[in-house]
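Visitor: Just structure07.cif, nothing more (mmCIF, C-alpha atoms and all ligand atoms):
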data_model
loop_
_atom_site.label_atom_id
_atom_site.label_comp_id
_atom_site.auth_asym_id
_atom_site.auth_seq_id
_atom_site.Cartn_x
_atom_site.Cartn_y
_atom_site.Cartn_z
CA MET W 1 96.70 112.61 152.11
CA GLN W 2 97.14 111.24 155.66
CA LEU W 3 94.69 108.69 157.05
CA VAL W 4 93.61 109.20 160.66
CA THR W 5 92.03 106.91 163.25
CA LEU W 6 90.46 108.95 166.03
CA LEU W 7 89.92 106.89 169.19
CA GLY W 8 87.35 108.60 171.44
CA SER W 9 85.98 110.93 168.75
CA THR W 10 82.86 111.92 170.74
CA GLY W 11 84.81 113.31 173.70
CA SER W 12 86.20 116.76 174.33
CA ILE W 13 89.58 116.04 172.69
CA GLY W 14 87.84 114.05 169.95
CA GLU W 15 85.64 116.99 168.99
CA SER W 16 88.53 119.47 169.10
CA THR W 17 90.51 117.13 166.84
CA LEU W 18 87.66 116.92 164.33
CA ASP W 19 87.45 120.70 164.33
CA VAL W 20 91.14 120.94 163.37
CA LEU W 21 90.89 118.13 160.79
CA ALA W 22 87.85 119.75 159.14
CA ARG W 23 90.01 122.85 158.45
CA HIS W 24 92.42 120.75 156.33
CA PRO W 25 90.36 118.32 154.24
CA GLU W 26 93.06 118.27 151.54
CA GLN W 27 95.61 116.94 154.05
CA TYR W 28 93.72 114.54 156.33
CA GLN W 29 91.06 111.92 155.77
CA ILE W 30 89.40 109.90 158.51
CA TYR W 31 89.74 106.15 158.47
CA ALA W 32 87.93 105.39 161.74
CA LEU W 33 85.96 107.15 164.46
CA THR W 34 85.26 105.41 167.78
CA ALA W 35 83.13 105.93 170.89
CA ASN W 36 81.91 104.14 173.96
CA CYS W 37 78.10 104.40 173.65
CA SER W 38 77.15 107.88 172.28
CA VAL W 39 75.20 106.69 169.24
CA GLU W 40 73.72 110.06 168.21
CA LYS W 41 76.99 111.94 168.36
CA LEU W 42 78.95 109.28 166.49
CA PHE W 43 76.23 109.10 163.83
CA GLU W 44 76.42 112.89 163.28
CA GLN W 45 80.20 112.62 162.97
CA CYS W 46 79.84 109.78 160.46
CA GLN W 47 77.47 111.90 158.37
CA LYS W 48 79.92 114.77 158.35
CA PHE W 49 83.22 112.91 157.91
CA GLU W 50 82.20 109.62 156.22
CA PRO W 51 84.88 107.44 157.83
CA THR W 52 85.60 103.98 156.44
CA LYS W 53 84.85 102.49 159.87
CA ALA W 54 83.00 103.44 163.04
CA VAL W 55 83.56 101.46 166.23
CA MET W 56 81.41 101.41 169.36
CA LEU W 57 82.64 99.61 172.45
CA ASP W 58 79.09 98.67 173.38
CA GLU W 59 77.37 96.00 171.19
CA ASP W 60 73.83 97.40 171.53
CA SER W 61 75.03 100.88 170.63
CA ALA W 62 76.83 99.47 167.60
CA GLU W 63 73.61 97.84 166.41
CA LYS W 64 71.70 101.11 166.74
CA LEU W 65 74.41 103.00 164.91
CA SER W 66 74.53 100.39 162.16
CA LYS W 67 70.79 100.78 161.56
CA LYS W 68 71.06 104.55 161.28
CA ILE W 69 74.05 104.30 158.92
CA LYS W 70 72.11 101.96 156.63
CA GLU W 71 69.04 104.24 156.64
CA ALA W 72 71.22 107.20 155.74
CA ASN W 73 72.94 105.23 152.96
CA LEU W 74 76.42 105.96 154.30
CA ASN W 75 79.48 103.96 153.29
CA THR W 76 80.74 103.44 156.85
CA LYS W 77 81.20 99.95 158.27
CA VAL W 78 80.20 99.63 161.93
CA LEU W 79 82.16 97.38 164.30
CA ALA W 80 81.86 96.66 168.02
CA GLY W 81 84.12 95.79 170.94
CA GLU W 82 87.65 96.13 172.23
CA GLN W 83 89.19 94.00 169.48
CA ALA W 84 87.73 96.31 166.85
CA LEU W 85 89.28 99.34 168.60
CA GLN W 86 92.65 97.65 168.35
CA GLN W 87 92.07 96.73 164.69
CA VAL W 88 91.39 100.29 163.59
CA ALA W 89 94.41 101.50 165.61
CA GLU W 90 96.82 99.12 163.90
CA HIS W 91 95.31 98.96 160.39
CA SER W 92 97.99 99.13 157.69
CA ALA W 93 96.31 102.01 155.82
CA VAL W 94 96.38 104.33 158.86
CA ASP W 95 99.12 106.96 159.34
CA TYR W 96 97.97 108.82 162.47
CA VAL W 97 96.21 107.47 165.56
CA VAL W 98 94.76 110.03 167.95
CA ALA W 99 94.53 108.38 171.38
CA ALA W 100 91.70 110.33 173.02
CA ILE W 101 89.86 107.64 174.98
CA VAL W 102 89.65 108.51 178.67
CA GLY W 103 91.24 106.27 181.32
CA ALA W 104 92.61 102.75 181.35
CA ALA W 105 90.36 101.74 178.43
CA GLY W 106 92.73 103.63 176.13
CA LEU W 107 95.78 101.50 176.92
CA LEU W 108 95.31 98.47 174.64
CA PRO W 109 94.41 100.34 171.42
CA THR W 110 97.27 102.79 172.06
CA LEU W 111 99.67 99.88 172.50
CA SER W 112 98.38 98.37 169.26
CA ALA W 113 99.10 101.62 167.43
CA ALA W 114 102.63 101.68 168.89
CA LYS W 115 103.29 98.08 167.85
CA ALA W 116 102.11 98.94 164.34
CA GLY W 117 104.61 101.84 164.18
CA LYS W 118 102.03 104.65 163.85
CA HIS W 119 102.31 108.37 164.50
CA ILE W 120 100.42 108.47 167.80
CA LEU W 121 98.92 111.72 169.06
CA LEU W 122 98.68 110.95 172.76
CA ALA W 123 95.99 112.63 174.86
CA ASN W 124 95.23 109.48 176.89
CA LYS W 125 97.85 110.14 179.59
CA GLU W 126 96.53 107.19 181.64
CA ALA W 127 98.15 104.80 179.11
CA LEU W 128 101.62 106.12 180.02
CA VAL W 129 100.80 106.28 183.74
CA MET W 130 99.72 102.62 183.72
CA SER W 131 102.53 101.19 181.66
CA GLY W 132 104.97 103.84 180.51
CA HIS W 133 107.76 101.31 180.35
CA LEU W 134 105.88 98.97 177.97
CA LEU W 135 104.45 101.75 175.82
CA MET W 136 107.77 103.57 175.34
CA GLN W 137 109.46 100.22 174.60
CA ALA W 138 106.83 99.44 171.93
CA VAL W 139 107.26 102.93 170.44
CA GLU W 140 111.04 102.63 170.16
CA LYS W 141 111.10 99.03 168.99
CA ASN W 142 108.55 99.61 166.22
CA ARG W 143 109.71 103.12 165.25
CA ALA W 144 106.40 104.64 166.14
CA THR W 145 106.28 108.36 166.99
CA LEU W 146 104.62 109.47 170.20
CA LEU W 147 103.51 113.09 169.89
CA PRO W 148 102.19 114.64 173.09
CA VAL W 149 98.80 116.33 172.87
CA ASP W 150 98.52 117.08 176.59
CA SER W 151 99.14 120.83 176.52
CA GLU W 152 101.98 120.79 179.07
CA HIS W 153 103.91 118.02 177.34
CA ASN W 154 103.27 119.52 173.95
CA ALA W 155 104.70 122.79 175.31
CA ILE W 156 107.83 120.98 176.52
CA TRP W 157 108.10 119.22 173.14
CA GLN W 158 108.03 122.62 171.43
CA CYS W 159 110.73 124.02 173.77
CA LEU W 160 113.21 121.21 173.08
CA PRO W 161 116.11 121.64 170.63
CA VAL W 162 114.85 122.13 167.06
CA GLY W 163 115.41 119.33 164.56
CA ASP W 164 116.13 116.81 167.27
CA LYS W 165 114.65 113.45 166.30
CA GLN W 166 115.49 111.89 169.67
CA ARG W 167 113.23 114.12 171.70
CA TYR W 168 112.42 111.34 174.11
CA HIS W 169 115.92 111.51 175.65
CA PHE W 170 117.07 114.52 177.66
CA ASP W 171 120.69 113.38 178.15
CA GLY W 172 123.37 115.74 176.89
CA LYS W 173 121.04 118.58 175.95
CA GLY W 174 121.90 120.89 178.83
CA ILE W 175 118.49 120.65 180.41
CA ARG W 176 118.26 121.22 184.15
CA ARG W 177 114.58 120.49 184.67
CA ILE W 178 111.12 121.06 183.28
CA ILE W 179 108.42 123.13 184.93
CA LEU W 180 104.84 121.97 184.41
CA THR W 181 102.28 124.71 184.94
CA ALA W 182 98.95 124.03 186.66
CA SER W 183 95.91 126.28 186.87
CA GLY W 184 95.01 124.85 190.29
CA GLY W 185 91.46 124.08 189.13
CA PRO W 186 88.21 125.48 190.49
CA PHE W 187 89.14 125.10 194.19
CA ARG W 188 92.56 126.78 194.18
CA ASP W 189 91.29 129.65 196.35
CA TYR W 190 89.15 127.55 198.71
CA ALA W 191 90.10 127.08 202.36
CA LEU W 192 90.98 123.47 203.28
CA ALA W 193 87.82 123.04 205.36
CA GLU W 194 85.61 124.12 202.43
CA LEU W 195 86.88 121.24 200.26
CA GLU W 196 84.87 118.74 202.36
CA HIS W 197 81.62 120.05 200.95
CA VAL W 198 82.25 120.76 197.28
CA THR W 199 79.90 119.10 194.77
CA PRO W 200 80.54 117.26 191.47
CA GLU W 201 78.94 120.22 189.62
CA GLN W 202 81.47 122.62 191.18
CA ALA W 203 84.35 120.22 190.52
CA VAL W 204 83.67 119.87 186.79
CA ALA W 205 83.36 123.65 186.24
CA HIS W 206 86.98 124.37 185.34
CA PRO W 207 87.89 128.08 185.26
CA ASN W 208 90.08 127.97 182.11
CA TRP W 209 89.53 124.75 180.15
CA SER W 210 86.48 122.90 178.84
CA MET W 211 87.11 119.14 179.25
CA GLY W 212 85.55 115.73 179.94
CA GLN W 213 84.20 114.99 183.44
CA LYS W 214 86.97 112.70 184.65
CA ILE W 215 89.86 115.00 183.77
CA SER W 216 87.92 117.97 185.17
CA VAL W 217 87.71 116.25 188.57
CA ASP W 218 91.38 115.29 188.23
CA SER W 219 92.17 118.97 187.68
CA ALA W 220 90.22 119.94 190.79
CA THR W 221 92.18 117.45 192.96
CA MET W 222 95.36 118.17 190.98
CA MET W 223 95.72 114.44 190.35
CA ASN W 224 95.76 115.58 186.74
CA LYS W 225 99.09 117.32 187.37
CA GLY W 226 100.29 114.24 189.25
CA LEU W 227 99.43 112.05 186.26
CA GLU W 228 101.23 114.59 184.06
CA VAL W 229 104.39 114.39 186.19
CA ILE W 230 104.38 110.62 185.57
CA GLU W 231 103.58 111.17 181.89
CA ALA W 232 106.58 113.56 181.60
CA HIS W 233 108.83 111.04 183.35
CA TRP W 234 108.13 108.45 180.65
CA LEU W 235 107.90 110.76 177.63
CA PHE W 236 111.14 112.60 178.29
CA GLY W 237 113.14 110.13 180.42
CA LEU W 238 113.35 112.45 183.44
CA SER W 239 113.72 111.70 187.15
CA ASN W 240 111.18 112.99 189.72
CA GLN W 241 113.66 115.64 190.81
CA GLN W 242 113.80 117.08 187.30
CA ILE W 243 110.04 117.66 187.11
CA ASP W 244 108.66 120.66 188.98
CA VAL W 245 105.08 121.93 189.20
CA VAL W 246 104.13 125.58 189.57
CA LEU W 247 100.66 127.09 189.93
CA HIS W 248 99.86 129.54 187.15
CA ARG W 249 96.23 130.57 187.29
CA GLN W 250 95.87 132.13 183.82
CA SER W 251 96.86 128.96 181.88
CA ILE W 252 98.71 131.05 179.28
CA ILE W 253 102.19 129.52 179.76
CA HIS W 254 101.60 125.82 179.14
CA SER W 255 104.99 124.65 180.53
CA MET W 256 108.71 125.48 180.48
CA VAL W 257 112.17 123.97 179.99
CA ASP W 258 114.95 125.27 182.24
CA TYR W 259 118.43 124.96 180.63
CA VAL W 260 121.76 124.92 182.51
CA ASP W 261 122.81 128.31 181.07
CA GLY W 262 119.88 129.92 182.87
CA SER W 263 117.59 130.16 179.83
CA VAL W 264 114.00 129.18 180.51
CA LEU W 265 111.94 128.52 177.37
CA ALA W 266 108.16 128.73 177.66
CA GLN W 267 105.36 127.99 175.21
CA MET W 268 102.36 130.31 175.45
CA GLY W 269 98.91 130.50 173.94
CA ASN W 270 95.24 130.74 174.74
CA PRO W 271 93.94 127.72 176.67
CA ASP W 272 92.44 125.82 173.73
CA MET W 273 93.39 122.18 173.03
CA ARG W 274 93.24 122.77 169.28
CA THR W 275 96.73 124.32 169.52
CA PRO W 276 98.55 121.22 170.84
CA ILE W 277 96.38 118.99 168.61
CA ALA W 278 97.30 120.97 165.47
CA ASN W 279 100.94 121.08 166.56
CA ALA W 280 101.12 117.31 167.00
CA LEU W 281 99.22 116.65 163.76
CA ALA W 282 101.43 118.81 161.57
CA TRP W 283 104.76 118.42 163.43
CA PRO W 284 107.37 119.48 162.42
CA LYS W 285 105.28 121.85 160.27
CA ARG W 286 102.57 124.26 161.48
CA ILE W 287 98.93 124.47 160.41
CA ASP W 288 96.00 126.72 161.29
CA SER W 289 94.05 125.46 164.33
CA GLY W 290 91.26 128.02 164.55
CA VAL W 291 92.55 129.24 167.93
CA VAL W 292 92.15 132.97 168.64
CA PRO W 293 95.53 134.80 168.67
CA LEU W 294 96.90 135.51 172.14
CA ASP W 295 96.34 139.07 173.33
CA LEU W 296 98.92 139.63 176.08
CA VAL W 297 97.66 143.13 176.85
CA GLU W 298 94.23 141.71 177.56
CA VAL W 299 95.75 138.94 179.72
CA SER W 300 97.82 141.70 181.39
CA GLN W 301 99.21 139.53 184.22
CA LEU W 302 100.90 136.16 184.59
CA ASN W 303 100.96 134.90 188.19
CA PHE W 304 102.89 132.01 189.72
CA ALA W 305 102.63 130.30 193.11
CA LYS W 306 103.79 127.14 194.87
CA ALA W 307 101.55 124.06 194.74
CA ASN W 308 100.63 123.15 198.30
CA TYR W 309 100.52 119.38 199.03
CA GLN W 310 98.15 119.84 201.97
CA HIS W 311 95.63 121.46 199.68
CA PHE W 312 96.35 118.98 196.89
CA PRO W 313 97.34 115.64 198.50
CA CYS W 314 96.78 113.80 195.19
CA LEU W 315 99.82 115.56 193.72
CA ALA W 316 102.00 114.22 196.55
CA LEU W 317 100.55 110.72 196.07
CA ALA W 318 101.50 110.77 192.39
CA TYR W 319 105.13 111.74 193.15
CA GLN W 320 105.17 109.00 195.80
CA ALA W 321 103.90 106.36 193.35
CA LEU W 322 106.47 107.43 190.75
CA GLU W 323 109.23 107.12 193.35
CA SER W 324 108.02 103.62 194.31
CA GLY W 325 108.15 102.53 190.66
CA GLY W 326 106.86 99.33 189.01
CA THR W 327 103.07 99.09 188.90
CA SER W 328 102.62 101.68 191.70
CA THR W 329 101.53 104.27 189.16
CA ALA W 330 99.05 101.82 187.58
CA ILE W 331 97.65 101.20 191.08
CA LEU W 332 97.43 104.96 191.69
CA ASN W 333 95.60 105.42 188.39
CA ALA W 334 93.12 102.59 188.96
CA ALA W 335 92.27 103.75 192.51
CA ASN W 336 91.83 107.29 191.21
CA GLU W 337 89.47 106.20 188.42
CA VAL W 338 87.27 104.31 190.91
CA ALA W 339 87.34 107.17 193.44
CA VAL W 340 86.50 109.84 190.86
CA GLU W 341 83.55 107.81 189.61
CA ALA W 342 82.32 107.34 193.19
CA PHE W 343 82.62 111.09 193.80
CA LEU W 344 80.69 111.88 190.59
CA ASN W 345 77.98 109.41 191.77
CA ARG W 346 77.89 111.15 195.17
CA GLN W 347 79.09 108.06 197.02
CA ILE W 348 82.11 109.78 198.55
CA LYS W 349 83.18 113.34 199.38
CA PHE W 350 85.72 115.24 197.30
CA THR W 351 88.35 114.91 200.06
CA GLU W 352 87.82 111.14 200.17
CA ILE W 353 89.24 110.76 196.66
CA ALA W 354 92.79 111.22 198.00
CA LYS W 355 92.05 109.06 201.06
CA THR W 356 90.88 106.18 198.86
CA ILE W 357 94.02 106.35 196.73
CA ALA W 358 96.30 106.56 199.79
CA TYR W 359 94.56 103.51 201.26
CA VAL W 360 94.99 101.44 198.11
CA LEU W 361 98.64 102.47 197.63
CA SER W 362 99.50 101.47 201.19
CA HIS W 363 97.59 98.15 201.11
CA GLN W 364 98.67 96.75 197.74
CA THR W 365 102.13 95.44 196.85
CA ALA W 366 103.26 96.66 193.45
CA SER W 367 105.02 94.38 190.97
CA SER W 368 107.78 95.24 188.50
CA GLY W 369 105.34 96.06 185.70
CA GLU W 370 107.51 94.40 183.07
CA THR W 371 104.61 92.51 181.50
CA LEU W 372 101.18 93.67 180.40
CA GLU W 373 99.60 90.83 182.40
CA GLN W 374 101.13 92.23 185.61
CA VAL W 375 99.91 95.73 184.84
CA LEU W 376 96.35 94.60 184.08
CA ALA W 377 96.23 92.29 187.13
CA ASP W 378 97.45 95.03 189.49
CA ASP W 379 94.98 97.47 187.93
CA GLN W 380 92.13 95.03 188.70
CA THR W 381 93.27 94.40 192.28
CA ALA W 382 93.53 98.15 192.90
CA ARG W 383 89.97 98.67 191.61
CA GLU W 384 88.65 95.94 193.93
CA LEU W 385 90.53 97.38 196.93
CA ALA W 386 89.26 100.89 196.18
CA ARG W 387 85.66 99.67 195.85
CA SER W 388 85.82 97.73 199.11
CA TYR W 389 87.32 100.75 200.91
CA ILE W 390 84.55 102.99 199.55
CA SER W 391 81.74 100.62 200.50
P1 LIG W 401 85.78 112.69 177.40
O1 LIG W 401 85.16 112.00 178.56
O2 LIG W 401 85.22 113.98 176.93
O3 LIG W 401 85.80 111.68 176.14
C1 LIG W 401 86.20 110.35 176.26
C2 LIG W 401 86.04 109.60 174.94
O4 LIG W 401 86.41 108.23 175.17
C3 LIG W 401 84.61 109.57 174.40
O5 LIG W 401 84.64 109.54 172.99
C4 LIG W 401 84.08 108.22 174.91
O6 LIG W 401 83.04 107.68 174.09
C5 LIG W 401 85.31 107.35 174.85
N1 LIG W 401 85.29 106.28 175.87
C6 LIG W 401 85.01 106.41 177.19
N2 LIG W 401 85.12 105.22 177.80
C7 LIG W 401 85.49 104.33 176.86
C8 LIG W 401 85.76 102.93 176.88
N3 LIG W 401 85.66 102.19 178.01
N4 LIG W 401 86.14 102.33 175.72
C9 LIG W 401 86.21 103.02 174.57
N5 LIG W 401 85.97 104.36 174.49
C10 LIG W 401 85.61 105.00 175.62
O7 LIG W 401 87.34 112.85 177.76
P2 LIG W 401 88.36 113.98 177.25
O8 LIG W 401 88.31 115.15 178.15
O9 LIG W 401 88.26 114.15 175.79
O10 LIG W 401 89.76 113.26 177.59
C11 LIG W 401 90.26 112.20 176.81
C12 LIG W 401 91.70 111.91 177.23
O11 LIG W 401 92.49 113.05 176.92
C13 LIG W 401 91.87 111.68 178.73
O12 LIG W 401 92.86 110.71 178.93
C14 LIG W 401 92.34 113.02 179.26
O13 LIG W 401 93.14 112.92 180.41
C15 LIG W 401 93.16 113.52 178.09
N6 LIG W 401 93.27 114.98 178.01
C16 LIG W 401 92.15 115.73 177.85
C17 LIG W 401 92.24 117.12 177.79
C18 LIG W 401 91.03 117.98 177.58
O14 LIG W 401 91.16 119.19 177.44
N7 LIG W 401 89.83 117.43 177.54
C19 LIG W 401 93.50 117.73 177.90
C20 LIG W 401 94.63 116.93 178.05
C21 LIG W 401 94.50 115.55 178.09
MG MG W 402 97.31 118.83 180.63
#
What is this file in structure tokens?
Guide:
Amino acid sequence: MQLVTLLGSTGSIGESTLDVLARHPEQYQIYALTANCSVEKLFEQCQKFEPTKAVMLDEDSAEKLSKKIKEANLNTKVLAGEQALQQVAEHSAVDYVVAAIVGAAGLLPTLSAAKAGKHILLANKEALVMSGHLLMQAVEKNRATLLPVDSEHNAIWQCLPVGDKQRYHFDGKGIRRIILTASGGPFRDYALAELEHVTPEQAVAHPNWSMGQKISVDSATMMNKGLEVIEAHWLFGLSNQQIDVVLHRQSIIHSMVDYVDGSVLAQMGNPDMRTPIANALAWPKRIDSGVVPLDLVEVSQLNFAKANYQHFPCLALAYQALESGGTSTAILNAANEVAVEAFLNRQIKFTEIAKTIAYVLSHQTASSGETLEQVLADDQTARELARSYIS
């Protein structure tokens, strides 16, 4: 029996993970579920899965949840706050930590899991974008395992040499480059001028995937692919030049590895996050995920096109931040989080997301990013700069 802590259980990845776990009750048991402030949803999950602990970031929400748990006579202990998130991520009884909190808030509990040597299923790409250097260092030093849940990185992981325990290092494996596929989001066929007027409702309506609000907007700007380029850089030790992006509107090929002998290995499947989640959970074995088998005749076509930086300036900004190094990618991430929130609150236009990030990147000096304090300080400064630019 493997014990699992699921950080961000009420989100899109959280719910998909619970769906997979519920199919294998003899293999996995839940130690802790966590959420920001969704009391009702977390309570329902506690009723169904009876975790040892439930953590809410928000104190008031934790009190409400605690009351409901008592009334229902459940054996779950309710905790509150950031410290508690870290505690359930590093607890000695836990084997697997699923990092499915959205944004910068996921960094500290993910780092705690790495320092405690856990098997980490990483969905929270922002943690690697903010401090890839520190997180990878903590993983290697403490013999943790970082298993990518992001579908593209999970695809790459599956296309790497079988039986290779050192999957984080590409050296000497005959790999030329990786190709990350991108659907292009809901606005891939829009003319540039039309992008000025798109609404938050249109931006979160992704054509192929059902996801949380923030990542849905990131997919519409293609910052999501930018963040994934940075994520791939840290996960697999690749340079910018070895990471290509190609538009692939069907989201059937989830990414590819191009080897020096001309072989290109791809991983395919229906666009359903339960596949990479099940793969990372059971690796190196395979378990049922509940995903419908792929019907290639029904898909009938696989199309590919170049990603245009004029249409998707956020993608270019991400490559630029990666090239600059140090905390530049943390600054990019923080400015993006503030800009996306402002767009969702109708404070700025869709096209102003990229402008806000470009402004912050060009007005803030990055540091080396060798300490957590530097990363967190530069993250804060970037948020303040982005807010002042927006207002
Ligand atoms: P979501 O918004 O649906 O869920 C976020 C979860 O995090 C919720 O449980 C929420 O309660 C919790 N949370 C939010 N803010 C928090 C805070 N400050 N402190 C503690 N908990 C907090 O997001 P999602 O779509 O599930 O995405 C989660 C992560 O996975 C993101 O980093 C995203 O980029 C990544 N990801 C998602 C998908 C997908 O298909 N949804 C695919 C690949 C990667
Ligand atoms: Mg992805």
Visitor: Using all atoms listed in the file, which residue out of W:Ala84, W:Ala155, W:Val129, W:Leu6 lies closest to ligand MG 402 (chain W)?
Guide: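 Ranking W:Ala84, W:Ala155, W:Val129, W:Leu6 by distance to ligand MG 402 (chain W), first place goes to W:Ala155.
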Visitor: Give as a list in words the residues surrounding ligand MG 402 (chain W) up to a distance of 8 Å, considering all atoms listed in the file.
Guide: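 Answer in the requested format: Asp150, Ser151, Glu152, His153, Asn224, Lys225 and Glu228 of chain W.
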Visitor: Restrict the calculation to all atoms listed in the file, then for each residue of chain W with any atom at most 7 Å from an atom of ligand LIG 401 (chain W) give the closest atom pair and their distance in Å to one decimal, rows by chain and rising residue number, as CSV.
Guide:
residue,atom,partner,partner_atom,distance
W:Gly8,CA,W:LIG401,O5,3.3
W:Ser9,CA,W:LIG401,O5,4.7
W:Thr10,CA,W:LIG401,O5,3.7
W:Gly11,CA,W:LIG401,O3,3.1
W:Ser12,CA,W:LIG401,O9,3.6
W:Ile13,CA,W:LIG401,O9,3.9
W:Gly14,CA,W:LIG401,O9,5.9
W:Thr34,CA,W:LIG401,O5,6.7
W:Ala35,CA,W:LIG401,O6,3.6
W:Asn36,CA,W:LIG401,O6,3.7
W:Cys37,CA,W:LIG401,O6,5.9
W:Ser38,CA,W:LIG401,O6,6.2
W:Leu57,CA,W:LIG401,C9,5.4
W:Ala100,CA,W:LIG401,C11,4.5
W:Ile101,CA,W:LIG401,O4,3.5
W:Val102,CA,W:LIG401,C13,3.9
W:Gly103,CA,W:LIG401,O12,5.3
W:Ala105,CA,W:LIG401,N3,4.7
W:Gly106,CA,W:LIG401,N4,6.7
W:Ala123,CA,W:LIG401,O11,4.1
W:Asn124,CA,W:LIG401,O12,3.4
W:Lys125,CA,W:LIG401,O12,5.1
W:Glu126,CA,W:LIG401,O12,5.8
W:Val149,CA,W:LIG401,C20,6.7
W:Asp150,CA,W:LIG401,C20,4.2
W:Ser151,CA,W:LIG401,C20,6.2
W:Trp209,CA,W:LIG401,O14,6.4
W:Ser210,CA,W:LIG401,O14,6.1
W:Met211,CA,W:LIG401,N7,3.6
W:Gly212,CA,W:LIG401,O8,3.3
W:Gln213,CA,W:LIG401,O1,5.8
W:Lys214,CA,W:LIG401,O1,6.4
W:Ile215,CA,W:LIG401,O13,5.1
W:Met273,CA,W:LIG401,O14,5.8
Visitor: Separation of atom CA of W:Ala339 and atom CA of W:Ile353, in Å?
Guide: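 Spanning atom CA of W:Ala339 to atom CA of W:Ile353 is a straight-line distance of 5.2 Å.
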Visitor: Extract, using all atoms listed in the file, all DNA, RNA and protein residues at most 8 Å from stretch 326-331 of chain W, discarding same-chain residues fewer than 5 positions from it, and format them as a list in words.
Guide: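 Counting only the stated atoms, we get Val129, Met130, Ser131, Ile230, Ala318, Ala321, Val360, Leu361, Ala366, Ser367, Ser368, Gly369, Glu370, Gln374, Val375, Asp378, Asp379 and Ala382 of chain W.
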